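Undergrad: I am attaching a structure below and will ask some questions about it afterwards.
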Amino acid sequence: MASVIFLIVAYFLTKQYFGVRPLSLRSPSNYGIGGAPESASLKSMGSVSSLPLPSDNYAPTTTTDRMVVQESNLSLVVKDVRESSDKVIEHAKSIGGYMVSSSLSQPEEAPYAYVVLRIPADKLKATVDYFRSLSLKVSSENLLGTDVTDQYTDLNAHLETLNQTKSKFEEILRKAIEVQDILTVQREMISLQSQIDSIKGQQLYLEKTAQLAKISLHLSTDEFSLPYAPSGKFRPAVIFKQAVRSMVSLLRWLAKVLIWVGVFSVLWIPALLVVRYSKKRKKTS
């Protein structure tokens with residue numbers, strides 16, 4: 001009985017701390033471009049779903065007017081996390097940008113802030129220089145540029161094909177007489193329009209993303225709190241903080257274990273008493 005109770009407690013502790021969850025499977029649906037269901041085909045024309053789909057491997061283009069999506073990541077050691085966070089947000093607003101998200105954690109230990117901004121792409125370099133000036137030390141910095149010109153050109157070509165196909169369906173609709181033919185053509189045209197709207201939305205997203213660069217800022221007073229490892233220097237104060245945090249985490253874990261054991265005491269204490277009583281009875285007999 002004691003072994004069974006121990007296994008039950010171990011199971012619940014494992015489920016609590018290691019997150020044992022059942023896996024779920026989802027069957028994929030048959031969708032066309034832009035999430036619209038594929039329509040039935042006409043006898044006079046091929047189905048809309050037979051149109052060429054945009055590929056992830058875009059053909060290279062030689063145009064000089066490139067569309068580049070820029071993204072920068074900065075990890076800064078600052079004197080005051082909250083003040084620095086407010087300054088970077090205000091600066092982004094002053095140059096025509098905006099804040100995407102902002103969070104502040106561990107204010108009582110080593111304050112850490114994560115701020116995501118969108119700013120005009122042509123002001124990225126000056127903005128990064130200003131953010132550097134607010135820091136005591138730049139722990140890490142990187143700039144990533146993604147060229148989406150080929151992707152945009154491929155979408156534009158596919159959009160032209162869809163518009164031409166839609167024009168042909170419009171001609172068929174003007175000549176159609178039977179109700180069934182009219183309904184079939186209209187169904188195909190609705191599917192085409194859905195795909196056209198989806199591609200236009202993708203193009204608009206690429207245009208806006210290229211116009212506004214993304215900056216992700218990690219701010220902290222403790223370099224070890226940043227997501228990038230600092231240089232290997234002996235820093236007793238930081239090591240002491242890490243040791244205290246580890247001890248607090250261990251104590252919290254032990255407290256949780258004691259709570260679980262206490263809750264399940266209604267099961268294992270009676271079982272233990274039954275086992276002791278049985279042993280005493282055997283000795284007496």
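Labels for the structure tokens follow display order: chains A, B, ..., residues from 1 in each chain, ligands from 1.
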DSSP on the backbone: which residues in segment 39-263 of chain A end up as strand (DSSP E or B)? Give the answer as a count of residues only.
TA: 47
Undergrad: Report, in Å with one decimal, the straight-line distance from atom CA of Leu76 of chain A to atom CA of Val138 of chain A.
TA: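 The value is 4.8 Å.
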Undergrad: Counting only C-alpha atoms, what is within 9 Å of Val185 of chain A, bar same-chain residues fewer than 6 positions away, as a list in words?
TA: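 Near neighbours after the sequence-gap exclusion: Leu42, Phe169, Glu170, Ile172, Leu173 and Ala176 of chain A.
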Undergrad: Deliver the residues from the most recent selection as a file, using N, CA and C atoms, as a PDB file, in the first residue's frame.
TA:
ATOM      1  N   LEU A  42     -14.877  24.129 -63.908  1.00  0.00           N
ATOM      2  CA  LEU A  42     -15.775  24.247 -65.044  1.00  0.00           C
ATOM      3  C   LEU A  42     -15.272  23.354 -66.165  1.00  0.00           C
ATOM      4  N   PHE A 169     -13.606  34.685 -66.839  1.00  0.00           N
ATOM      5  CA  PHE A 169     -14.843  34.234 -66.199  1.00  0.00           C
ATOM      6  C   PHE A 169     -15.947  35.273 -66.354  1.00  0.00           C
ATOM      7  N   GLU A 170     -15.592  36.551 -66.331  1.00  0.00           N
ATOM      8  CA  GLU A 170     -16.597  37.597 -66.517  1.00  0.00           C
ATOM      9  C   GLU A 170     -17.198  37.536 -67.911  1.00  0.00           C
ATOM     10  N   ILE A 172     -17.473  34.781 -69.710  1.00  0.00           N
ATOM     11  CA  ILE A 172     -18.338  33.598 -69.712  1.00  0.00           C
ATOM     12  C   ILE A 172     -19.654  33.911 -69.014  1.00  0.00           C
ATOM     13  N   LEU A 173     -19.579  34.695 -67.909  1.00  0.00           N
ATOM     14  CA  LEU A 173     -20.789  35.019 -67.163  1.00  0.00           C
ATOM     15  C   LEU A 173     -21.754  35.855 -68.004  1.00  0.00           C
ATOM     16  N   ALA A 176     -23.470  33.368 -70.343  1.00  0.00           N
ATOM     17  CA  ALA A 176     -24.161  32.222 -69.744  1.00  0.00           C
ATOM     18  C   ALA A 176     -25.662  32.440 -69.736  1.00  0.00           C
TER      19      ALA A 176
END
Undergrad: For Glu83 of chain A, which of A:Ser220, A:Met189, A:Asp150, A:Ala243 is the closest residue, counting only C-alpha atoms?
TA: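 Nearest to Glu83 of chain A: A:Ser220.
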Undergrad: So which one's closest to Lys87 of chain A, A:Thr127, A:Thr149, A:Ser265, A:Ser140? Using only C-alpha atoms, please.
TA: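 Among A:Thr127, A:Thr149, A:Ser265, A:Ser140, it is A:Thr127 that comes nearest to Lys87 of chain A.
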Undergrad: By how many Å are atom CA of Phe240 of chain A and atom CA of Thr221 of chain A apart?
TA: 15.2 Å
Undergrad: Please build the interface table for segment 149-176 of chain A against segment 193-212 of chain A with a cut-off of 10 Å, listing for each qualifying residue the nearest atom pair and the distance in Å to one decimal; count only C-alpha atoms, order rows by chain and increasing number, and write it as CSV.
TA:
residue,atom,partner,partner_atom,distance
A:Thr149,CA,A:Leu206,CA,9.1
A:Gln151,CA,A:Gln203,CA,9.0
A:Tyr152,CA,A:Gln203,CA,6.3
A:Thr153,CA,A:Gln203,CA,9.3
A:Leu155,CA,A:Ile199,CA,6.5
A:Asn156,CA,A:Gln203,CA,8.0
A:His158,CA,A:Ile199,CA,8.3
A:Leu159,CA,A:Ile196,CA,6.2
A:Glu160,CA,A:Ile196,CA,9.2
A:Thr161,CA,A:Ile196,CA,9.8
A:Leu162,CA,A:Ile196,CA,6.7
A:Asn163,CA,A:Ile196,CA,7.6
A:Lys166,CA,A:Gln193,CA,7.9
Undergrad: May I have the residues from that selection written out with C-alpha atoms, as a CSV table (one decimal), in the first residue's frame?
TA:
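Output (out23.csv):
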chain,number,residue,atom,x,y,z
A,149,THR,CA,11.9,41.9,-53.7
A,151,GLN,CA,8.8,37.5,-53.2
A,152,TYR,CA,7.0,40.7,-54.0
A,153,THR,CA,7.6,40.3,-57.8
A,155,LEU,CA,3.2,37.8,-56.0
A,156,ASN,CA,2.7,40.5,-58.5
A,158,HIS,CA,0.6,35.7,-59.8
A,159,LEU,CA,-1.9,38.5,-59.2
A,160,GLU,CA,-1.8,39.4,-62.9
A,161,THR,CA,-2.6,35.8,-63.7
A,162,LEU,CA,-5.5,35.8,-61.4
A,163,ASN,CA,-6.9,39.1,-62.8
A,166,LYS,CA,-11.2,36.6,-63.6
Undergrad: Of the candidates A:Val116, A:Phe224, A:Ser191, A:Asp86, which shows the shortest atom-to-atom distance to Tyr98 of chain A, using only C-alpha atoms?
TA: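 Residue with the minimum atom-to-atom distance to Tyr98 of chain A: A:Val116.
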Undergrad: For Glu71 of chain A, which of A:Leu217, A:Leu104, A:Ala157, A:Val88 is the closest residue, counting only C-alpha atoms?
TA: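 The closest residue to Glu71 of chain A is A:Leu217.
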Undergrad: Could you pull out the alpha helix (DSSP H) residues of segment 131-256 of chain A from DSSP and send them as a PyMOL selection string?
TA: chain A and resi 131-133+149-175+179-211+236-256
